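Structure file run_22.pdb with PDB, C-alpha atoms and all ligand atoms:
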MODEL        1
ATOM      1  CA  MET N   1      -7.154  13.967   5.428
ATOM      2  CA  LEU N   2      -4.153  16.136   4.563
ATOM      3  CA  GLU N   3      -0.710  16.103   6.135
ATOM      4  CA  THR N   4       1.726  18.882   5.262
ATOM      5  CA  THR N   5       5.393  19.124   6.208
ATOM      6  CA  ASN N   6       7.758  21.879   5.064
ATOM      7  CA  ARG N   7       8.438  20.254   1.725
ATOM      8  CA  TYR N   8       5.862  17.505   1.287
ATOM      9  CA  THR N   9       2.090  17.112   1.260
ATOM     10  CA  ILE N  10       0.447  13.733   1.806
ATOM     11  CA  ARG N  11      -3.078  13.500   0.425
ATOM     12  CA  ARG N  12      -5.586  11.278  -1.359
ATOM     13  CA  GLY N  13      -4.638  10.718  -4.997
ATOM     14  CA  HIS N  14      -6.792  11.694  -7.987
ATOM     15  CA  GLU N  15      -7.778   9.194 -10.658
ATOM     16  CA  SER N  16      -5.616  11.144 -13.120
ATOM     17  CA  GLU N  17      -2.593  10.197 -10.951
ATOM     18  CA  ASP N  18      -3.227   6.436 -11.101
ATOM     19  CA  GLY N  19      -0.492   5.989 -13.727
ATOM     20  CA  ILE N  20       2.102   7.097 -11.184
ATOM     21  CA  ALA N  21       0.726   4.723  -8.539
ATOM     22  CA  ALA N  22       1.017   1.947 -11.156
ATOM     23  CA  ASP N  23       4.634   2.925 -11.945
ATOM     24  CA  ASN N  24       5.376   2.880  -8.229
ATOM     25  CA  TYR N  25       3.889  -0.608  -7.927
ATOM     26  CA  TYR N  26       6.270  -1.778 -10.675
ATOM     27  CA  ASN N  27       9.216   0.009  -9.032
ATOM     28  CA  MET N  28       8.330  -1.617  -5.715
ATOM     29  CA  TRP N  29       8.819  -5.083  -7.269
ATOM     30  CA  LEU N  30      12.180  -4.055  -8.728
ATOM     31  CA  ASP N  31      13.209  -2.559  -5.397
ATOM     32  CA  MET N  32      12.440  -5.879  -3.701
ATOM     33  CA  GLY N  33      14.942  -7.549  -6.035
ATOM     34  CA  THR N  34      12.638  -8.948  -8.733
ATOM     35  CA  ARG N  35      14.298  -9.125 -12.179
ATOM     36  CA  PRO N  36      12.478  -7.010 -14.818
ATOM     37  CA  GLU N  37      12.376 -10.107 -17.108
ATOM     38  CA  ALA N  38      10.226 -11.843 -14.474
ATOM     39  CA  LEU N  39       7.508  -9.200 -14.837
ATOM     40  CA  GLU N  40       4.940  -9.146 -17.634
ATOM     41  CA  ASP N  41       5.783  -6.825 -20.558
ATOM     42  CA  ASN N  42       2.303  -5.274 -20.369
ATOM     43  CA  TRP N  43       2.516  -4.777 -16.583
ATOM     44  CA  LYS N  44       1.230  -1.211 -16.809
ATOM     45  CA  GLU N  45      -1.934  -2.255 -18.619
ATOM     46  CA  ILE N  46      -2.517  -5.037 -16.041
ATOM     47  CA  VAL N  47      -2.023  -2.708 -13.068
ATOM     48  CA  MET N  48      -4.134   0.107 -14.529
ATOM     49  CA  TYR N  49      -6.973  -2.329 -15.218
ATOM     50  CA  ARG N  50      -6.887  -3.600 -11.622
ATOM     51  CA  ILE N  51      -6.791  -0.076 -10.169
ATOM     52  CA  LYS N  52      -9.747   0.985 -12.330
ATOM     53  CA  GLU N  53     -11.843  -2.091 -11.490
ATOM     54  CA  ASN N  54     -11.090  -1.860  -7.776
ATOM     55  CA  ARG N  55     -11.930   1.848  -7.731
ATOM     56  CA  LYS N  56     -15.345   0.831  -9.066
ATOM     57  CA  ASN N  57     -15.975  -2.262  -6.909
ATOM     58  CA  LEU N  58     -13.715  -2.206  -3.850
ATOM     59  CA  LYS N  59     -13.475   1.482  -2.870
ATOM     60  CA  LEU N  60      -9.861   1.712  -4.007
ATOM     61  CA  CYS N  61      -8.141   4.966  -3.073
ATOM     62  CA  THR N  62      -4.536   6.050  -3.508
ATOM     63  CA  ILE N  63      -2.539   8.070  -0.997
ATOM     64  CA  VAL N  64       0.221  10.151  -2.559
ATOM     65  CA  ILE N  65       3.174  12.188  -1.319
ATOM     66  CA  VAL N  66       3.745  15.383  -3.303
ATOM     67  CA  ASN N  67       6.910  17.500  -3.123
ATOM     68  CA  ASP N  68       7.063  21.289  -3.379
ATOM     69  CA  CYS N  69       7.514  21.001  -7.180
ATOM     70  CA  GLN N  70       4.123  19.204  -7.273
ATOM     71  CA  GLU N  71       5.773  15.896  -8.216
ATOM     72  CA  ILE N  72       4.474  12.664  -6.707
ATOM     73  CA  VAL N  73       7.396  11.053  -4.867
ATOM     74  CA  GLY N  74       5.581   8.170  -3.187
ATOM     75  CA  SER N  75       2.276   6.354  -3.066
ATOM     76  CA  ALA N  76       0.228   3.596  -1.465
ATOM     77  CA  ILE N  77      -2.993   1.907  -2.543
ATOM     78  CA  CYS N  78      -5.881   1.113  -0.161
ATOM     79  CA  GLN N  79      -9.011  -0.884  -0.925
ATOM     80  CA  ILE N  80     -11.431  -3.380   0.544
ATOM     81  CA  HIS N  81      -9.909  -6.857   0.860
ATOM     82  CA  SER N  82     -11.772  -9.408  -1.242
ATOM     83  CA  SER N  83     -11.199 -13.149  -1.634
ATOM     84  CA  GLU N  84     -14.116 -13.388  -4.050
ATOM     85  CA  LEU N  85     -12.005 -14.790  -6.906
ATOM     86  CA  LEU N  86     -10.654 -17.537  -4.621
ATOM     87  CA  HIS N  87     -13.721 -18.536  -2.625
ATOM     88  CA  PRO N  88     -17.203 -17.132  -1.999
ATOM     89  CA  ASP N  89     -17.122 -14.234   0.428
ATOM     90  CA  ILE N  90     -20.324 -14.783   2.441
ATOM     91  CA  MET N  91     -19.583 -12.787   5.586
ATOM     92  CA  LYS N  92     -21.800  -9.686   5.870
ATOM     93  CA  ARG N  93     -19.659  -6.565   5.413
ATOM     94  CA  SER N  94     -21.400  -5.030   8.432
ATOM     95  CA  VAL N  95     -20.044  -7.909  10.572
ATOM     96  CA  TYR N  96     -16.532  -8.025   9.169
ATOM     97  CA  GLN N  97     -14.733  -6.074   6.501
ATOM     98  CA  ALA N  98     -10.980  -5.923   6.000
ATOM     99  CA  GLY N  99      -8.988  -3.329   4.133
ATOM    100  CA  TYR N 100      -6.053  -4.263   1.926
ATOM    101  CA  LEU N 101      -2.926  -2.146   1.469
ATOM    102  CA  TRP N 102      -0.567  -2.587  -1.471
ATOM    103  CA  GLY N 103       1.815  -0.768  -3.804
ATOM    104  CA  VAL N 104       3.730   1.052  -1.054
ATOM    105  CA  PHE N 105       6.704   2.866  -2.587
ATOM    106  CA  ILE N 106       8.661   6.054  -1.916
ATOM    107  CA  ASN N 107      11.363   7.388  -4.256
ATOM    108  CA  PRO N 108      14.793   6.519  -2.795
ATOM    109  CA  GLU N 109      15.860  10.184  -2.327
ATOM    110  CA  CYS N 110      12.789  10.843  -0.147
ATOM    111  CA  ARG N 111      13.186   7.897   2.236
ATOM    112  CA  ASN N 112      14.114   7.967   5.952
ATOM    113  CA  LYS N 113      12.348  11.265   6.595
ATOM    114  CA  GLY N 114       9.295   9.802   8.276
ATOM    115  CA  LEU N 115       7.125  10.126   5.137
ATOM    116  CA  GLY N 116       6.407   6.396   4.909
ATOM    117  CA  LYS N 117       4.984   6.304   8.426
ATOM    118  CA  LYS N 118       2.790   9.346   7.767
ATOM    119  CA  MET N 119       1.526   7.834   4.525
ATOM    120  CA  ILE N 120       0.610   4.546   6.250
ATOM    121  CA  LYS N 121      -1.202   6.503   8.979
ATOM    122  CA  MET N 122      -3.299   8.209   6.315
ATOM    123  CA  CYS N 123      -4.106   4.789   4.841
ATOM    124  CA  THR N 124      -5.446   3.724   8.257
ATOM    125  CA  GLU N 125      -7.651   6.830   8.361
ATOM    126  CA  TYR N 126      -9.105   5.798   5.011
ATOM    127  CA  PHE N 127      -9.728   2.221   6.175
ATOM    128  CA  LYS N 128     -11.593   3.589   9.223
ATOM    129  CA  GLU N 129     -13.617   5.930   7.053
ATOM    130  CA  ILE N 130     -14.864   3.091   4.814
ATOM    131  CA  GLY N 131     -15.797   0.954   7.836
ATOM    132  CA  CYS N 132     -13.002  -1.633   7.918
ATOM    133  CA  HIS N 133     -12.571  -3.676  11.100
ATOM    134  CA  GLU N 134      -8.951  -4.481  10.258
ATOM    135  CA  ALA N 135      -6.436  -4.065   7.449
ATOM    136  CA  LYS N 136      -4.132  -6.605   5.832
ATOM    137  CA  LEU N 137      -1.006  -6.465   3.709
ATOM    138  CA  TRP N 138       2.003  -8.449   2.562
ATOM    139  CA  ALA N 139       5.099  -6.871   4.080
ATOM    140  CA  ALA N 140       8.496  -6.754   2.393
ATOM    141  CA  ASN N 141      11.420  -6.444   4.808
ATOM    142  CA  LYS N 142      11.880  -2.731   4.099
ATOM    143  CA  GLY N 143       8.219  -2.081   4.822
ATOM    144  CA  LYS N 144       7.951  -3.927   8.132
ATOM    145  CA  PRO N 145       9.174  -1.073  10.405
ATOM    146  CA  ILE N 146       6.635   1.440   9.117
ATOM    147  CA  TYR N 147       3.785  -1.058   9.350
ATOM    148  CA  ARG N 148       4.816  -2.106  12.874
ATOM    149  CA  HIS N 149       4.983   1.554  13.851
ATOM    150  CA  GLU N 150       1.368   1.961  12.766
ATOM    151  CA  GLY N 151       0.325  -1.101  14.818
ATOM    152  CA  TYR N 152       0.350  -3.897  12.237
ATOM    153  CA  THR N 153       1.331  -7.266  13.733
ATOM    154  CA  LEU N 154       2.086 -10.667  12.235
ATOM    155  CA  PHE N 155      -1.102 -12.569  11.564
ATOM    156  CA  ASP N 156      -1.582 -15.060  14.378
ATOM    157  CA  ASP N 157      -5.157 -16.157  14.896
ATOM    158  CA  ASP N 158      -6.527 -18.967  17.088
ATOM    159  CA  CYS N 159      -9.067 -19.951  14.428
ATOM    160  CA  VAL N 160      -7.278 -19.706  11.082
ATOM    161  CA  GLN N 161      -3.788 -19.444   9.708
ATOM    162  CA  GLU N 162      -2.508 -19.136   6.163
ATOM    163  CA  MET N 163      -0.468 -22.206   5.180
ATOM    164  CA  VAL N 164       1.785 -22.790   2.202
ATOM    165  CA  LEU N 165       3.156 -25.886   0.468
ATOM    166  CA  LYS N 166       6.406 -25.473  -1.466
ATOM    167  CA  ILE N 167       6.014 -27.683  -4.565
ATOM    168  CA  LYS N 168       9.379 -29.228  -5.474
TER     169      LYS N 168
HETATM  170  C1  LIG N 201       9.259   1.005   2.821
HETATM  171  C2  LIG N 201       9.345   2.482   2.506
HETATM  172  C3  LIG N 201       8.019   2.941   1.890
HETATM  173  C4  LIG N 201       9.610   3.252   3.813
HETATM  174  O1  LIG N 201       9.505   4.635   3.546
HETATM  175  P1  LIG N 201      10.282   5.760   4.393
HETATM  176  O2  LIG N 201       9.709   7.062   4.021
HETATM  177  O3  LIG N 201      11.736   5.581   4.226
HETATM  178  O4  LIG N 201       9.846   5.372   5.869
HETATM  179  P2  LIG N 201      10.043   6.292   7.166
HETATM  180  O5  LIG N 201      11.023   7.381   6.873
HETATM  181  O6  LIG N 201       8.715   6.676   7.686
HETATM  182  O7  LIG N 201      10.649   5.257   8.188
HETATM  183  C5  LIG N 201      11.843   4.555   7.833
HETATM  184  C6  LIG N 201      12.982   4.930   8.783
HETATM  185  O8  LIG N 201      13.271   6.284   8.657
HETATM  186  C7  LIG N 201      13.712   6.802   9.896
HETATM  187  N1  LIG N 201      12.939   8.010  10.188
HETATM  188  C8  LIG N 201      11.666   8.076  10.536
HETATM  189  N2  LIG N 201      11.290   9.347  10.766
HETATM  190  C9  LIG N 201      12.374  10.096  10.511
HETATM  191  C10 LIG N 201      12.615  11.485  10.545
HETATM  192  N3  LIG N 201      11.658  12.369  10.887
HETATM  193  N4  LIG N 201      13.847  11.905  10.200
HETATM  194  C11 LIG N 201      14.808  11.014   9.846
HETATM  195  N5  LIG N 201      14.610   9.705   9.825
HETATM  196  C12 LIG N 201      13.426   9.239  10.137
HETATM  197  C13 LIG N 201      13.541   5.763  10.898
HETATM  198  O9  LIG N 201      14.804   5.229  11.177
HETATM  199  C14 LIG N 201      12.673   4.730  10.223
HETATM  200  O10 LIG N 201      13.016   3.434  10.558
HETATM  201  P3  LIG N 201      12.687   2.798  11.980
HETATM  202  O11 LIG N 201      11.273   3.135  12.344
HETATM  203  O12 LIG N 201      12.873   1.354  11.714
HETATM  204  O13 LIG N 201      13.690   3.348  12.926
HETATM  205  C15 LIG N 201      10.503   2.787   1.512
HETATM  206  O14 LIG N 201      11.696   2.301   2.072
HETATM  207  C16 LIG N 201      10.324   2.131   0.154
HETATM  208  O15 LIG N 201       9.647   2.665  -0.714
HETATM  209  N6  LIG N 201      10.955   0.953  -0.042
HETATM  210  C17 LIG N 201      10.931   0.238  -1.330
HETATM  211  C18 LIG N 201       9.611  -0.425  -1.627
HETATM  212  C19 LIG N 201       9.137  -1.344  -0.520
HETATM  213  O16 LIG N 201       9.866  -2.174  -0.004
HETATM  214  N7  LIG N 201       7.857  -1.153  -0.150
HETATM  215  C20 LIG N 201       7.220  -1.944   0.866
HETATM  216  C21 LIG N 201       6.528  -3.083   0.231
HETATM  217  S1  LIG N 201       5.642  -4.069   1.403
ENDMDL
END
Before we go any further, please render this structure as structure tokens.
Ligand SMILES: CC(C)(COP(=O)(O)OP(=O)(O)OC[C@H]1O[C@@H](n2cnc3c(N)ncnc32)[C@H](O)[C@@H]1OP(=O)(O)O)[C@@H](O)C(=O)NCCC(=O)NCCS
Amino acid sequence: MLETTNRYTIRRGHESEDGIAADNYYNMWLDMGTRPEALEDNWKEIVMYRIKENRKNLKLCTIVIVNDCQEIVGSAICQIHSSELLHPDIMKRSVYQAGYLWGVFINPECRNKGLGKKMIKMCTEYFKEIGCHEAKLWAANKGKPIYRHEGYTLFDDDCVQEMVLKIK
């Protein structure tokens, strides 16, 4: 529930801290090399709306890393995975429920101290607590080591696989 190192505390975020999680989501895209011009001007409004809705409907919870000055220096967002807007989700949640992890970002000066791994571990605890059978995410190259460390593997299922068509 709460992980404390000498200088940092990792804990569940409060709703009042959602703005910082949204900023971190934006910064994550920039960090991955996306040009700011490619992102919507009202990105903050869009992200805040999604966080608010998913808190209500999909058990969204943030995990934040706080330094000894009480500043949030990293965050991740956990929720129930839903494909409802793409296709009807008819599987009973008691039979199968996946978690979804997004918005993983740590301020550059706080990286490579093991905080990312601890934060992802706390996300797993949350997924267990809300009854998820597995958790999914899209991994950027920088994120892969911390996800692998926590046990995430590439999706490779006998029954289904995601496919993509590049439209030229
Ligand atoms: C991805 C990200 C969250 C990782 O955070 P982090 O705090 O640097 O991660 P960790 O410190 O736990 O682990 C990273 C490396 O630090 C090193 N490390 C881990 N524990 C350490 C410790 N106690 N002391 C020193 N170094 C340590 C390790 O080398 C580790 O890499 P390895 O497991 O491949 O060897 C961070 O790089 C980030 O915010 N990147 C930009 C946004 C992004 O790409 N997000 C992912 C989107 S999917």
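Residue nearest Gly13 of chain N, chosen from N:Met91, N:Ala140, N:Leu101, N:Cys78 and counting all atoms listed in the file: N:Cys78.
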Quick one: residues within 6 Å of ligand LIG 201 (chain N), with all atoms listed in the file, as a tab-separated table (two decimals) with C-alpha atoms, keeping the file's coordinate frame?
chain	number	residue	atom	x	y	z
N	28	MET	CA	8.33	-1.62	-5.72
N	31	ASP	CA	13.21	-2.56	-5.40
N	32	MET	CA	12.44	-5.88	-3.70
N	104	VAL	CA	3.73	1.05	-1.05
N	105	PHE	CA	6.70	2.87	-2.59
N	106	ILE	CA	8.66	6.05	-1.92
N	111	ARG	CA	13.19	7.90	2.24
N	112	ASN	CA	14.11	7.97	5.95
N	113	LYS	CA	12.35	11.26	6.60
N	114	GLY	CA	9.30	9.80	8.28
N	115	LEU	CA	7.12	10.13	5.14
N	116	GLY	CA	6.41	6.40	4.91
N	117	LYS	CA	4.98	6.30	8.43
N	138	TRP	CA	2.00	-8.45	2.56
N	139	ALA	CA	5.10	-6.87	4.08
N	140	ALA	CA	8.50	-6.75	2.39
N	142	LYS	CA	11.88	-2.73	4.10
N	143	GLY	CA	8.22	-2.08	4.82
N	145	PRO	CA	9.17	-1.07	10.40
N	146	ILE	CA	6.64	1.44	9.12
Using the chain letters and numbers from the file, give me the residues hit by the PyMOL selection byres (((chain N and resi 58) around 9) and not hetatm), as a PDB file with C-alpha atoms, in the frame of the given file.
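Result written to expr31.pdb:
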ATOM      1  CA  GLU N  53     -11.843  -2.091 -11.490  1.00  0.00           C
ATOM      2  CA  ASN N  54     -11.090  -1.860  -7.776  1.00  0.00           C
ATOM      3  CA  ARG N  55     -11.930   1.848  -7.731  1.00  0.00           C
ATOM      4  CA  LYS N  56     -15.345   0.831  -9.066  1.00  0.00           C
ATOM      5  CA  ASN N  57     -15.975  -2.262  -6.909  1.00  0.00           C
ATOM      6  CA  LYS N  59     -13.475   1.482  -2.870  1.00  0.00           C
ATOM      7  CA  LEU N  60      -9.861   1.712  -4.007  1.00  0.00           C
ATOM      8  CA  GLN N  79      -9.011  -0.884  -0.925  1.00  0.00           C
ATOM      9  CA  ILE N  80     -11.431  -3.380   0.544  1.00  0.00           C
ATOM     10  CA  HIS N  81      -9.909  -6.857   0.860  1.00  0.00           C
ATOM     11  CA  SER N  82     -11.772  -9.408  -1.242  1.00  0.00           C
TER      12      SER N  82
END
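The space separating atom CA of Glu40 of chain N from atom CA of Asp89 of chain N comes to 29.0 Å.
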Given the file shown, enumerate the residues that the PyMOL selection byres (((chain N and resi 51) around 12) and not hetatm) captures and present them as a PyMOL selection string.
-> chain N and resi 14-23+25+44-50+52-62+76-79+102-103
Residue contacts of Tyr152 of chain N (10 Å, only C-alpha atoms) excluding same-chain residues fewer than 2 positions away, as a compact mmCIF listing (two decimals) with C-alpha atoms, in the frame of the given file:
# COMPACT_ATOMS: atom_id res chain seq x y z
CA GLU N 134 -8.95 -4.48 10.26
CA ALA N 135 -6.44 -4.07 7.45
CA LYS N 136 -4.13 -6.60 5.83
CA LEU N 137 -1.01 -6.46 3.71
CA ALA N 139 5.10 -6.87 4.08
CA LYS N 144 7.95 -3.93 8.13
CA PRO N 145 9.17 -1.07 10.40
CA ILE N 146 6.64 1.44 9.12
CA TYR N 147 3.78 -1.06 9.35
CA ARG N 148 4.82 -2.11 12.87
CA HIS N 149 4.98 1.55 13.85
CA GLU N 150 1.37 1.96 12.77
CA LEU N 154 2.09 -10.67 12.24
CA PHE N 155 -1.10 -12.57 11.56
Taking all listed atoms of segment 76-79 of chain N, build the axis-aligned box, pad each of the six sides by 6 Å, then write its centre and edge lengths in Å to one decimal as JSON.
{"center_x": -4.4, "center_y": 1.4, "center_z": -1.4, "size_x": 21.2, "size_y": 16.5, "size_z": 14.4}
The residue from N:Lys128, N:Lys118, N:Arg93, N:His87 with the smallest atom-to-atom distance to Tyr8 of chain N, counting only C-alpha atoms, is N:Lys118
Could you state the separation of atom CA of Leu2 of chain N and atom CA of Tyr126 of chain N in Å, given to one decimal place?
->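 Atom CA of Tyr126 of chain N lies at a distance of 11.5 Å from atom CA of Leu2 of chain N.
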Quick one: of N:Glu71, N:Val160, N:Leu85, N:Cys132, who's nearest to Gly99 of chain N, counting all atoms listed in the file?
->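 Once distances to Gly99 of chain N are computed over all atoms listed in the file, the minimum belongs to N:Cys132.
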Using all atoms listed in the file, which of the listed residues (N:Val95, N:Cys110, N:Cys123, N:Leu165) sits closest to Asn67 of chain N?
->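 Nearest to Asn67 of chain N: N:Cys110.
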Between atom CA of Leu30 of chain N and atom CA of Val64 of chain N, what is the spacing in Å?
->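 Straight-line distance from atom CA of Val64 of chain N to atom CA of Leu30 of chain N works out to 19.6 Å.
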